[in-house]
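Read through the structure below, which is laid out as structure tokens, and then see the notes.
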Amino acid sequence: MTAAPTISAPTTPRYSAVVKTSVGFVAVAAVCLAFADISITTLDPWSEMKRMAWGVLTPDFSAVAGLGMVVMQTIAFALSGVALGAVGGFLLSQVFHLGPVRWICASVRAIHELFWALIFMQMLGLSPLTGVLAIAIPYAGICAKVYAETLEEAHLPALRILPRGTGILSAFFFARLPDVWVHIKNYTSYRFECGLRSSAVLGFIGLPTLGFHLETAFSEGSYSEAAALMIIFYLLIATLRYWMRPKLVGIYVLAAPFLLGGGAVIEMSNIVRFLTVDIVPAPLRGAALLDGQTWDNLGHWAGTLLIDQALPGMVATLLLSQIALVATGVLALALFPLISEKFFGPVVRTVGHGFLVIMRSTPEFILAYVFLQLWGPSMLPAIVALSLHNGAIIGHLMGRFSDEVRLRPDSPGGINLYGFEILPRVYGQFLAFLFYRWEVIMRETAILGILGIATLGFFVDSALADIRLDRAMFLIAVMVAVNVAVDSLSRHIRKRLRLDARAREA
Amino acid sequence: MLSIRTLILSTVISVFLIGGVSPRAFADTFVFTAIPDEDEARLRERFNKVADYLSKELGVKTEYVPVKSYAAAVTAFRNNQVQLAWFGGLSGVRARILVPDSEAIAQGYEDQAFVTYFIAHASTGLKSSLEFPKGMAGRTFTFGSKGSTSGRLMPEYYVRRNFKNAPGEIFTRVGFSGNHVKTIALVQSGAYQVGAVNFKVWENELKSGNIDPAKVSIIWETPPYPDYQWTIRGDVDKRWKPGFKQRVGEVLLGMKDPELLASFPRKSFIPAKNSDYQPILDVAKQIKLID
Amino acid sequence: MNVLFRLNNENLGYDGAAVLRGISITVAAGERLALVGESGAGKSTLLSVLQNRYDGNTALIPQDPGLVRSLSVFHNVYMGGLHRHSAAYNLLNLIWPRQREIERIRPIVERLGLGDKLFERAGELSGGQQQRTAICRAILQGGDAVLGDEPVSAADNHQSRIILAALGEAFETIILAMHDVDLALEFSTRIIGIKDGGIALDAPAGELVRSDLDFLYRT
């Protein structure tokens, strides 16, 4: 009798590319953590936390004068900015296949709204247009990309049947647009919610939105007032679908400019000066361009800036965003069961939803600001803020996604369910969400520099404080480069791991 | 489909409205601002009173616009969105470089000889001295705003001069609190061990009972330097009427309401000129805050 | 004889892979062709090649009815006439349908039993209704010929006759892929049978009886 030939099983398990990538990212983050500046520098964070908690329990709605107007203006900035951005983005999406257009869109969306506002402030001052453009321009870049992808992916059978001789415009509006319109509309209304957050945050640098009063309230320690403002903001977002009716959009958008409030007079000379003098590197201003010395000076100028500010800023930005990315992932994986029908009953799910809604509605900038008050300056407040906000967004999407998973009737429960049934099924989607969010985390990391964490934003803010706009623009250009690089790396990884790109709302 | 139409149409109209309608309201108003060196509520209260006073005395509608940063104050002045500003020494020098015809027209009596206090948390064991306190090295340190004279420029200048090194090399952590009140709060809470603060704000906070001497105290004071001043744009005569600039100066110097003066807090206002601030410009150039 | 379509010993297919080989066909104006054969035999391929080759205007009724699901029946039918109007007029009708256009389209949809659906979104109609919407569009479009891929697959016998009659009045030349052999024999003047990657039968309908076509469906 001969023994049946046996195929020997491998003695060690083999891991998939997805697992290897994940482990790689965690390892990089761990190394970053070793170099990161993480500490609680306040001596008594608890007393401040108690005061904040007390403020949350005793919101004071009477403290903000003209609260109604502030809310209106916050909405008005968001509306005007998003409407302009959406229309601009839509037009750009029609020529998005052109290389330069793609690059321009990638660049403008790599700059955070706050920086756009600071840039426009130099030209237009605190005029309402500053706030509107600060939202509209990066949003146009984002919308252009998403609309273009939506149009490209759409299945449009009606294109086949068009009579010969149908014009481009007619073909577009009849055969192409209507069936993708609903996607565009959904995405745009999601953008509007983001716009509300952006609008609120712009108040921190002086525009008349909720953030203006929030900054005042926080910095003066009036936590009851701050709590009232935050509650109003949450209500605004939570009730969005009740007051943001499609039929009313037109009226709102028309009314918005009248609510933006007065502002400074816009002078053309300021704009011209900004573009032709302010942002020209100092060594080139009024210098002989044919003189070799001028270019030596420029080299020295750029070299110093690169070594003293851009590089350290870049390192801190990358360090912080890597840690925040992985922390976001861990948090999202921990949080999503809270809202999943597979794991918890209605009570826990309601609490979970409440927590996630609050965390994802609160702009990272405001979260970081609060934690900074509590713990003092280090990377810790930034990491916690970024991972809470982004973790809540991804956790929310994952929770919804996990509810779609069909389980066999005898599937295990609890931690086994999580580890063997749910996680393997949702992990790809999770990574897609996370990598999609990478670029956003990066942009936010830079902006947190304004709060004093030494990322690129810190140096940009310093240059702006010194009214050295040429340096600020140079550093912003570096920021754009880093962001675009991360974006394309993320796209590359998503493609290599074949991750579904249904992640746009992440 | 209705919403495509309405969205596009109304956006186009809105663009014109945003650009066209809103700015008009401000055209005839004389607008001024002030650097945000203290809590906003306090600034608002003070400068709204100043605005009322100026409106009455000048016979021109005057308005105060609060800003969120020193740079925003300078930029607003530069862009002619405010015509008058209560600047610090450094922000004033910057503004006057950027707006060639502008002039310092009045300063507080105390601003002729302003000083910065270096303050420290009790746990550091640092004590008040006449000598520059070199024991600060290796501690954490906070300035005020990045653009402040008393909270940044002068303290950084003395730190560099005494240690022959940049603050980042001497202290284990360097921060910018944003304003003087916060600097005091941060050092008092121990978030930073040492800080630099405007002496006027310190005295004001001490009087208001916001400072606990057991936790935070003065360890050194800088030699005197010129600080705050009212700076006005050169083209206001053309925009309002001949002699308007001079009239603004007279009205500021004529501010006698003790309550209003106390809110600054200044004893009185006295005449100032651009050259009074040459020392500030020199120091700023030395530590490379101005090219 | 006015020849509309002519193929001469050609291999037809997608992306270089031939589905049909050695095809020769000539279609004259006024003919009513029925393409019959098993599903997957290559009827759709032949139809789309004929449509693409033709220089003039032909109306197409694809199997997937090619509707814009979020637009109304009116708009989907109106699309058959896009080439006749300026872009501005088309956009105007997209937003506010003109009475004139409604009156033009109403009798066509009423004849095919869609009168009450005129302003309903195409995506919300049943499969048969969608198919009839596509036929209305083709009728409005007009042209030298209509090419239809199973245009009556979702209609009952009675409806099919109404549809075919309407097409017959609107177009001089008709080429339809059909799965209902009886209907094909009744309606068309010429039958083309496709089998095994080639034309297996090409004869006037009047000379054929049902059993002559059985071999096409035998494996």
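Ligands are numbered from 1 in the order shown, residues from 1 within each chain, and chains are lettered A, B, ... in the order they appear in the structure tokens.
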
Test item: residues at most 12 Å from C:Gly40, only C-alpha atoms, excluding those fewer than 4 positions along its chain, as a list in words: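 Within the cut-off, the hits are Val19, Leu20, Val36, Ser44, Thr45, Leu46, Ala177, His179, Ile194, Lys195, Asp196, Gly197 and Tyr217 of chain C.
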
Restrict the selected residues to N, CA and C atoms and save them as a PDB file, in the first residue's frame.
ATOM      1  N   VAL C  19     -17.060  38.595 -33.946  1.00  0.00           N
ATOM      2  CA  VAL C  19     -18.230  37.820 -33.522  1.00  0.00           C
ATOM      3  C   VAL C  19     -18.882  37.214 -34.771  1.00  0.00           C
ATOM      4  N   LEU C  20     -18.857  38.026 -35.828  1.00  0.00           N
ATOM      5  CA  LEU C  20     -19.448  37.579 -37.093  1.00  0.00           C
ATOM      6  C   LEU C  20     -18.374  37.625 -38.171  1.00  0.00           C
ATOM      7  N   VAL C  36     -33.046  37.602 -36.854  1.00  0.00           N
ATOM      8  CA  VAL C  36     -33.434  36.589 -35.879  1.00  0.00           C
ATOM      9  C   VAL C  36     -32.263  35.667 -35.607  1.00  0.00           C
ATOM     10  N   SER C  44     -26.964  42.134 -32.094  1.00  0.00           N
ATOM     11  CA  SER C  44     -26.647  43.485 -31.619  1.00  0.00           C
ATOM     12  C   SER C  44     -25.397  44.019 -32.301  1.00  0.00           C
ATOM     13  N   THR C  45     -24.422  43.138 -32.490  1.00  0.00           N
ATOM     14  CA  THR C  45     -23.179  43.545 -33.147  1.00  0.00           C
ATOM     15  C   THR C  45     -23.486  44.043 -34.558  1.00  0.00           C
ATOM     16  N   LEU C  46     -24.266  43.279 -35.275  1.00  0.00           N
ATOM     17  CA  LEU C  46     -24.602  43.649 -36.636  1.00  0.00           C
ATOM     18  C   LEU C  46     -25.337  44.999 -36.669  1.00  0.00           C
ATOM     19  N   ALA C 177     -33.857  43.732 -34.508  1.00  0.00           N
ATOM     20  CA  ALA C 177     -33.528  42.394 -34.004  1.00  0.00           C
ATOM     21  C   ALA C 177     -34.746  41.926 -33.220  1.00  0.00           C
ATOM     22  N   HIS C 179     -36.926  38.549 -31.196  1.00  0.00           N
ATOM     23  CA  HIS C 179     -36.846  37.182 -30.700  1.00  0.00           C
ATOM     24  C   HIS C 179     -38.142  36.432 -30.997  1.00  0.00           C
ATOM     25  N   ILE C 194     -29.258  34.552 -38.174  1.00  0.00           N
ATOM     26  CA  ILE C 194     -27.833  34.494 -37.830  1.00  0.00           C
ATOM     27  C   ILE C 194     -27.561  33.263 -36.988  1.00  0.00           C
ATOM     28  N   LYS C 195     -26.514  32.546 -37.330  1.00  0.00           N
ATOM     29  CA  LYS C 195     -26.149  31.343 -36.583  1.00  0.00           C
ATOM     30  C   LYS C 195     -24.676  31.055 -36.809  1.00  0.00           C
ATOM     31  N   ASP C 196     -24.018  30.621 -35.743  1.00  0.00           N
ATOM     32  CA  ASP C 196     -22.605  30.219 -35.817  1.00  0.00           C
ATOM     33  C   ASP C 196     -21.721  31.282 -36.459  1.00  0.00           C
ATOM     34  N   GLY C 197     -21.910  32.511 -36.099  1.00  0.00           N
ATOM     35  CA  GLY C 197     -21.014  33.571 -36.549  1.00  0.00           C
ATOM     36  C   GLY C 197     -21.182  33.945 -38.009  1.00  0.00           C
ATOM     37  N   TYR C 217     -32.457  27.931 -34.087  1.00  0.00           N
ATOM     38  CA  TYR C 217     -32.472  27.834 -32.620  1.00  0.00           C
ATOM     39  C   TYR C 217     -32.070  26.454 -32.135  1.00  0.00           C
TER      40      TYR C 217
END

B:Asp28 environment, 10 Å, only C-alpha atoms, sequence neighbours closer than 4 positions dropped, as JSON, numbers by chain: {"B": [24, 60, 61, 62, 239, 240]}

Restrict the selected residues to C-alpha atoms and save them as a compact mmCIF listing (two decimals), in the first residue's frame.
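Result file follows (result_0.txt):
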# COMPACT_ATOMS: atom_id res chain seq x y z
CA ARG B 24 -20.22 100.63 0.87
CA VAL B 60 -16.98 112.55 11.82
CA LYS B 61 -18.51 109.14 12.39
CA THR B 62 -15.73 107.11 13.97
CA ARG B 239 -10.13 112.14 2.38
CA TRP B 240 -11.87 114.17 5.06

Spatial neighbours of B:Asn204, max dist 10 Å, only C-alpha atoms, sep filter under 6 positions, as number ranges by chain: B: 181, 210-211, 262-265

The selected residues should be written to file as a JSON list (two decimals), in the first residue's frame (atoms: N, CA and C atoms).
[["chain", "number", "residue", "atom", "x", "y", "z"],
["B", 181, "VAL", "N", -2.14, 89.13, 28.94],
["B", 181, "VAL", "CA", -2.96, 88.53, 29.99],
["B", 181, "VAL", "C", -2.74, 87.02, 30.01],
["B", 210, "ASN", "N", -6.06, 89.61, 39.77],
["B", 210, "ASN", "CA", -5.94, 88.38, 38.97],
["B", 210, "ASN", "C", -4.58, 87.70, 39.12],
["B", 211, "ILE", "N", -3.72, 88.27, 39.93],
["B", 211, "ILE", "CA", -2.39, 87.69, 40.07],
["B", 211, "ILE", "C", -2.20, 87.20, 41.50],
["B", 262, "ALA", "N", -7.77, 105.74, 32.45],
["B", 262, "ALA", "CA", -7.44, 104.64, 33.36],
["B", 262, "ALA", "C", -7.61, 103.30, 32.66],
["B", 263, "SER", "N", -8.50, 103.25, 31.67],
["B", 263, "SER", "CA", -8.73, 101.96, 31.02],
["B", 263, "SER", "C", -7.54, 101.57, 30.14],
["B", 264, "PHE", "N", -6.70, 102.55, 29.75],
["B", 264, "PHE", "CA", -5.60, 102.20, 28.84],
["B", 264, "PHE", "C", -4.50, 101.37, 29.48],
["B", 265, "PRO", "N", -3.97, 101.50, 30.60],
["B", 265, "PRO", "CA", -4.12, 102.62, 31.52],
["B", 265, "PRO", "C", -2.97, 103.59, 31.30]]

Shell of 6 Å around stretch 63-70 of chain C, only C-alpha atoms, local chain residues under 3 positions omitted, as a PyMOL selection string: (chain A and resi 157-158+178-179) or (chain C and resi 121-123+131+134+149)

Could you write those residues out with all heavy atoms, as a short mmCIF file (atom, residue, chain, number, x, y, z; two decimals), in the first residue's frame?
data_model
loop_
_atom_site.label_atom_id
_atom_site.label_comp_id
_atom_site.auth_asym_id
_atom_site.auth_seq_id
_atom_site.Cartn_x
_atom_site.Cartn_y
_atom_site.Cartn_z
N PRO A 157 -25.82 55.45 -20.57
CA PRO A 157 -26.24 54.79 -21.81
C PRO A 157 -26.85 55.76 -22.82
O PRO A 157 -26.84 55.51 -24.01
CB PRO A 157 -27.29 53.78 -21.33
CG PRO A 157 -27.80 54.33 -20.05
CD PRO A 157 -26.65 55.05 -19.43
N ALA A 158 -27.36 56.87 -22.32
CA ALA A 158 -28.08 57.77 -23.23
C ALA A 158 -27.13 58.44 -24.23
O ALA A 158 -27.58 58.97 -25.24
CB ALA A 158 -28.82 58.84 -22.43
N PRO A 178 -27.85 64.97 -16.02
CA PRO A 178 -28.97 64.62 -15.15
C PRO A 178 -28.73 63.38 -14.28
O PRO A 178 -29.04 63.39 -13.10
CB PRO A 178 -30.12 64.37 -16.14
CG PRO A 178 -29.78 65.23 -17.29
CD PRO A 178 -28.29 65.17 -17.41
N ASP A 179 -28.12 62.34 -14.85
CA ASP A 179 -27.98 61.12 -14.06
C ASP A 179 -26.86 61.17 -13.04
O ASP A 179 -26.80 60.33 -12.14
CB ASP A 179 -27.81 59.90 -14.98
CG ASP A 179 -29.17 59.38 -15.42
OD1 ASP A 179 -30.18 59.84 -14.85
OD2 ASP A 179 -29.22 58.55 -16.33
N ARG C 121 -40.46 60.59 -14.05
CA ARG C 121 -39.06 60.28 -14.30
C ARG C 121 -38.92 58.90 -14.90
O ARG C 121 -39.54 57.94 -14.44
CB ARG C 121 -38.27 60.36 -12.99
CG ARG C 121 -37.98 61.77 -12.54
CD ARG C 121 -37.88 61.85 -11.04
NE ARG C 121 -36.95 60.84 -10.56
CZ ARG C 121 -35.73 61.14 -10.10
NH1 ARG C 121 -35.33 62.38 -10.04
NH2 ARG C 121 -34.93 60.17 -9.68
N ALA C 122 -38.09 58.82 -15.93
CA ALA C 122 -37.94 57.56 -16.67
C ALA C 122 -37.48 56.43 -15.74
O ALA C 122 -37.90 55.29 -15.91
CB ALA C 122 -36.94 57.74 -17.80
N GLY C 123 -36.65 56.76 -14.77
CA GLY C 123 -36.13 55.73 -13.88
C GLY C 123 -37.20 55.07 -13.04
O GLY C 123 -36.98 53.99 -12.49
N GLN C 131 -39.00 50.97 -22.33
CA GLN C 131 -38.76 50.57 -23.71
C GLN C 131 -39.60 51.42 -24.67
O GLN C 131 -39.12 51.91 -25.69
CB GLN C 131 -39.15 49.10 -23.85
CG GLN C 131 -38.48 48.41 -24.98
CD GLN C 131 -38.69 46.91 -24.88
OE1 GLN C 131 -39.82 46.46 -24.67
NE2 GLN C 131 -37.63 46.15 -25.00
N ALA C 134 -38.21 54.84 -25.13
CA ALA C 134 -37.11 54.85 -26.09
C ALA C 134 -37.64 54.82 -27.53
O ALA C 134 -37.08 55.46 -28.43
CB ALA C 134 -36.18 53.66 -25.84
N ASP C 149 -32.99 47.14 -31.25
CA ASP C 149 -32.50 45.89 -30.69
C ASP C 149 -33.55 45.35 -29.73
O ASP C 149 -33.68 45.83 -28.61
CB ASP C 149 -31.17 46.15 -29.98
CG ASP C 149 -30.40 44.86 -29.74
OD1 ASP C 149 -30.99 43.78 -29.95
OD2 ASP C 149 -29.23 44.94 -29.34
#

Test item: residues at most 12 Å from B:Val159, only C-alpha atoms, excluding those fewer than 3 positions along its chain, as a list in words: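 Contacts, in chain order: Phe118, Phe132, Pro133, Lys134, Gly135, Met136, Ala137, Phe141, Phe143, Arg152, Leu153, Met154, Pro155, Glu156, Asn162, Phe163, Lys164, Asn165, Ala166, Pro167, Gly168, Glu169, Ile170, Phe171, Gly195, Ala196, Trp220, Thr222 and Ile287 of chain B.
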
Can you write out the residues you just picked, keeping N, CA and C atoms, as a PDB file, in the first residue's frame?
ATOM      1  N   PHE B 118      10.123  90.461  33.273  1.00  0.00           N
ATOM      2  CA  PHE B 118      10.303  89.005  33.163  1.00  0.00           C
ATOM      3  C   PHE B 118       9.672  88.415  34.414  1.00  0.00           C
ATOM      4  N   PHE B 132      20.623  90.724  35.031  1.00  0.00           N
ATOM      5  CA  PHE B 132      19.834  89.871  34.156  1.00  0.00           C
ATOM      6  C   PHE B 132      19.851  88.440  34.697  1.00  0.00           C
ATOM      7  N   PRO B 133      18.693  87.819  34.882  1.00  0.00           N
ATOM      8  CA  PRO B 133      18.634  86.516  35.569  1.00  0.00           C
ATOM      9  C   PRO B 133      19.044  85.361  34.668  1.00  0.00           C
ATOM     10  N   LYS B 134      20.309  85.030  34.673  1.00  0.00           N
ATOM     11  CA  LYS B 134      20.801  83.970  33.791  1.00  0.00           C
ATOM     12  C   LYS B 134      20.303  82.588  34.193  1.00  0.00           C
ATOM     13  N   GLY B 135      19.766  82.523  35.402  1.00  0.00           N
ATOM     14  CA  GLY B 135      19.199  81.242  35.858  1.00  0.00           C
ATOM     15  C   GLY B 135      18.003  80.788  35.038  1.00  0.00           C
ATOM     16  N   MET B 136      17.517  81.639  34.143  1.00  0.00           N
ATOM     17  CA  MET B 136      16.393  81.255  33.291  1.00  0.00           C
ATOM     18  C   MET B 136      16.745  80.148  32.320  1.00  0.00           C
ATOM     19  N   ALA B 137      18.028  80.069  31.998  1.00  0.00           N
ATOM     20  CA  ALA B 137      18.449  79.103  30.982  1.00  0.00           C
ATOM     21  C   ALA B 137      17.967  77.707  31.355  1.00  0.00           C
ATOM     22  N   PHE B 141       9.870  79.004  28.383  1.00  0.00           N
ATOM     23  CA  PHE B 141       9.719  80.452  28.319  1.00  0.00           C
ATOM     24  C   PHE B 141       8.611  80.826  27.349  1.00  0.00           C
ATOM     25  N   PHE B 143       6.808  84.085  25.275  1.00  0.00           N
ATOM     26  CA  PHE B 143       6.647  85.480  24.895  1.00  0.00           C
ATOM     27  C   PHE B 143       5.153  85.779  24.884  1.00  0.00           C
ATOM     28  N   ARG B 152       7.663  90.565  22.998  1.00  0.00           N
ATOM     29  CA  ARG B 152       8.518  89.785  22.109  1.00  0.00           C
ATOM     30  C   ARG B 152       9.838  90.491  21.792  1.00  0.00           C
ATOM     31  N   LEU B 153       9.702  91.664  21.156  1.00  0.00           N
ATOM     32  CA  LEU B 153      10.901  92.329  20.632  1.00  0.00           C
ATOM     33  C   LEU B 153      11.933  92.606  21.728  1.00  0.00           C
ATOM     34  N   MET B 154      11.539  93.353  22.753  1.00  0.00           N
ATOM     35  CA  MET B 154      12.506  93.751  23.760  1.00  0.00           C
ATOM     36  C   MET B 154      12.996  92.558  24.583  1.00  0.00           C
ATOM     37  N   PRO B 155      12.099  91.693  25.065  1.00  0.00           N
ATOM     38  CA  PRO B 155      12.634  90.545  25.806  1.00  0.00           C
ATOM     39  C   PRO B 155      13.566  89.674  24.959  1.00  0.00           C
ATOM     40  N   GLU B 156      13.211  89.461  23.684  1.00  0.00           N
ATOM     41  CA  GLU B 156      14.103  88.640  22.867  1.00  0.00           C
ATOM     42  C   GLU B 156      15.452  89.327  22.703  1.00  0.00           C
ATOM     43  N   ASN B 162      22.199  88.954  26.357  1.00  0.00           N
ATOM     44  CA  ASN B 162      22.831  88.419  27.565  1.00  0.00           C
ATOM     45  C   ASN B 162      23.324  86.985  27.413  1.00  0.00           C
ATOM     46  N   PHE B 163      22.617  86.217  26.591  1.00  0.00           N
ATOM     47  CA  PHE B 163      23.055  84.823  26.431  1.00  0.00           C
ATOM     48  C   PHE B 163      23.882  84.621  25.165  1.00  0.00           C
ATOM     49  N   LYS B 164      23.939  85.647  24.307  1.00  0.00           N
ATOM     50  CA  LYS B 164      24.631  85.542  23.019  1.00  0.00           C
ATOM     51  C   LYS B 164      24.121  84.345  22.219  1.00  0.00           C
ATOM     52  N   ASN B 165      22.834  84.119  22.295  1.00  0.00           N
ATOM     53  CA  ASN B 165      22.264  82.968  21.592  1.00  0.00           C
ATOM     54  C   ASN B 165      20.759  83.184  21.385  1.00  0.00           C
ATOM     55  N   ALA B 166      20.192  82.404  20.503  1.00  0.00           N
ATOM     56  CA  ALA B 166      18.768  82.556  20.222  1.00  0.00           C
ATOM     57  C   ALA B 166      17.935  81.927  21.340  1.00  0.00           C
ATOM     58  N   PRO B 167      16.730  82.450  21.587  1.00  0.00           N
ATOM     59  CA  PRO B 167      15.901  81.911  22.664  1.00  0.00           C
ATOM     60  C   PRO B 167      15.679  80.400  22.533  1.00  0.00           C
ATOM     61  N   GLY B 168      15.527  79.938  21.290  1.00  0.00           N
ATOM     62  CA  GLY B 168      15.281  78.515  21.069  1.00  0.00           C
ATOM     63  C   GLY B 168      16.412  77.632  21.579  1.00  0.00           C
ATOM     64  N   GLU B 169      17.643  78.223  21.653  1.00  0.00           N
ATOM     65  CA  GLU B 169      18.793  77.449  22.104  1.00  0.00           C
ATOM     66  C   GLU B 169      18.928  77.480  23.620  1.00  0.00           C
ATOM     67  N   ILE B 170      18.349  78.501  24.222  1.00  0.00           N
ATOM     68  CA  ILE B 170      18.557  78.691  25.663  1.00  0.00           C
ATOM     69  C   ILE B 170      17.466  78.041  26.490  1.00  0.00           C
ATOM     70  N   PHE B 171      16.240  78.162  26.000  1.00  0.00           N
ATOM     71  CA  PHE B 171      15.118  77.614  26.765  1.00  0.00           C
ATOM     72  C   PHE B 171      14.724  76.250  26.206  1.00  0.00           C
ATOM     73  N   GLY B 195       8.216  84.023  31.747  1.00  0.00           N
ATOM     74  CA  GLY B 195       7.557  84.729  30.659  1.00  0.00           C
ATOM     75  C   GLY B 195       7.946  86.186  30.644  1.00  0.00           C
ATOM     76  N   ALA B 196       7.584  86.871  29.534  1.00  0.00           N
ATOM     77  CA  ALA B 196       7.873  88.298  29.419  1.00  0.00           C
ATOM     78  C   ALA B 196       6.563  89.024  29.196  1.00  0.00           C
ATOM     79  N   TRP B 220      12.822  90.322  36.822  1.00  0.00           N
ATOM     80  CA  TRP B 220      13.735  91.316  36.231  1.00  0.00           C
ATOM     81  C   TRP B 220      12.927  92.309  35.434  1.00  0.00           C
ATOM     82  N   THR B 222      13.336  95.198  32.179  1.00  0.00           N
ATOM     83  CA  THR B 222      14.246  95.691  31.145  1.00  0.00           C
ATOM     84  C   THR B 222      14.485  97.186  31.347  1.00  0.00           C
ATOM     85  N   ILE B 287      17.762  92.163  15.756  1.00  0.00           N
ATOM     86  CA  ILE B 287      17.370  90.763  15.959  1.00  0.00           C
ATOM     87  C   ILE B 287      16.609  90.235  14.740  1.00  0.00           C
TER      88      ILE B 287
END

Return as a tab-separated table the residues of stretch 78-127 of chain A lying at most 8 Å from stretch 200-218 of chain A, together with the closest atom-to-atom pair for each and the distance in Å to one decimal, counting only C-alpha atoms, with rows in chain order and ascending residue number.
residue	atom	partner	partner_atom	distance
A:Glu113	CA	A:Leu202	CA	7.7
A:Leu114	CA	A:Leu202	CA	6.2
A:Ala117	CA	A:Leu202	CA	7.4
A:Leu118	CA	A:Ile205	CA	7.8
A:Leu126	CA	A:Leu207	CA	6.7

Exercise answer, chain A residues close to chain C, 7 Å and only C-alpha atoms, as a list in words: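 Within 7 Å of chain C on chain A, we get Pro157, Ala158, Ile161, Leu162, Pro163, Arg164, Gly165, Thr166, Gly167, Leu169, Ser170, Ala175, Pro178 and Asp179 of chain A.
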
Interface list for chain A, partner chain B, 8 Å threshold, only C-alpha atoms, as a PyMOL selection string: chain A and resi 41-44+80+83-84+87+121-129+178+204-206+216+219-220+246-247+249-251+253-254+256-258+260-267+270+376-377+452+462+464-467

Alpha helix (DSSP H) per DSSP on the backbone: members of stretch 42-141 of chain B, as a PyMOL selection string: chain B and resi 42-58+70-78+89-98

Selected residue, from A:Asn297, A:Gln429, A:Ser321, A:Thr362, that lies nearest to A:Arg498 when counting only C-alpha atoms: A:Gln429

Top pick for closest residue to chain B, considering C:Asn157, C:Gln99, C:Asn93, C:Ser126 and counting only C-alpha atoms: C:Asn93

Residue nearest chain B among C:Ile191, C:Ile95, C:Val146, C:Leu176 (counting only C-alpha atoms):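 So, comparing all the options, the nearest one is C:Ile95.
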
Atom-to-atom span, atom CA of C:Glu124 and atom CA of C:Val73, Å: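 About the pair atom CA of C:Glu124 and atom CA of C:Val73: they are 10.1 Å apart.
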
Surrounding residues of stretch 224-240 of chain A excluding itself and chain neighbours under 2 positions, 8 Å, only C-alpha atoms, as a list of chain:residue names: A:Met52, A:Trp54, A:Gly55, A:Val56, A:Leu57, A:Thr58, A:Pro59, A:Asp60, A:Phe61, A:Ala63, A:Val64, A:Glu193, A:Leu196, A:Leu210, A:His213, A:Leu214, A:Ala217, A:Phe218, A:Ser222, A:Tyr242, A:Trp243, A:Met244, A:Ile358, A:Ser361, A:Thr362

Stretch 95-202 of chain B: residues DSSP assigns to strand (DSSP E), reported as a ChimeraX atom specification: /B:103-108,116-121,140-143,173-176,194-198

Long-range neighbours of B:Leu260 as a PyMOL selection string, 12 Å cut-off, only C-alpha atoms, 3 positions minimum in chain: chain B and resi 42-43+45-53+252+254-257+263-269
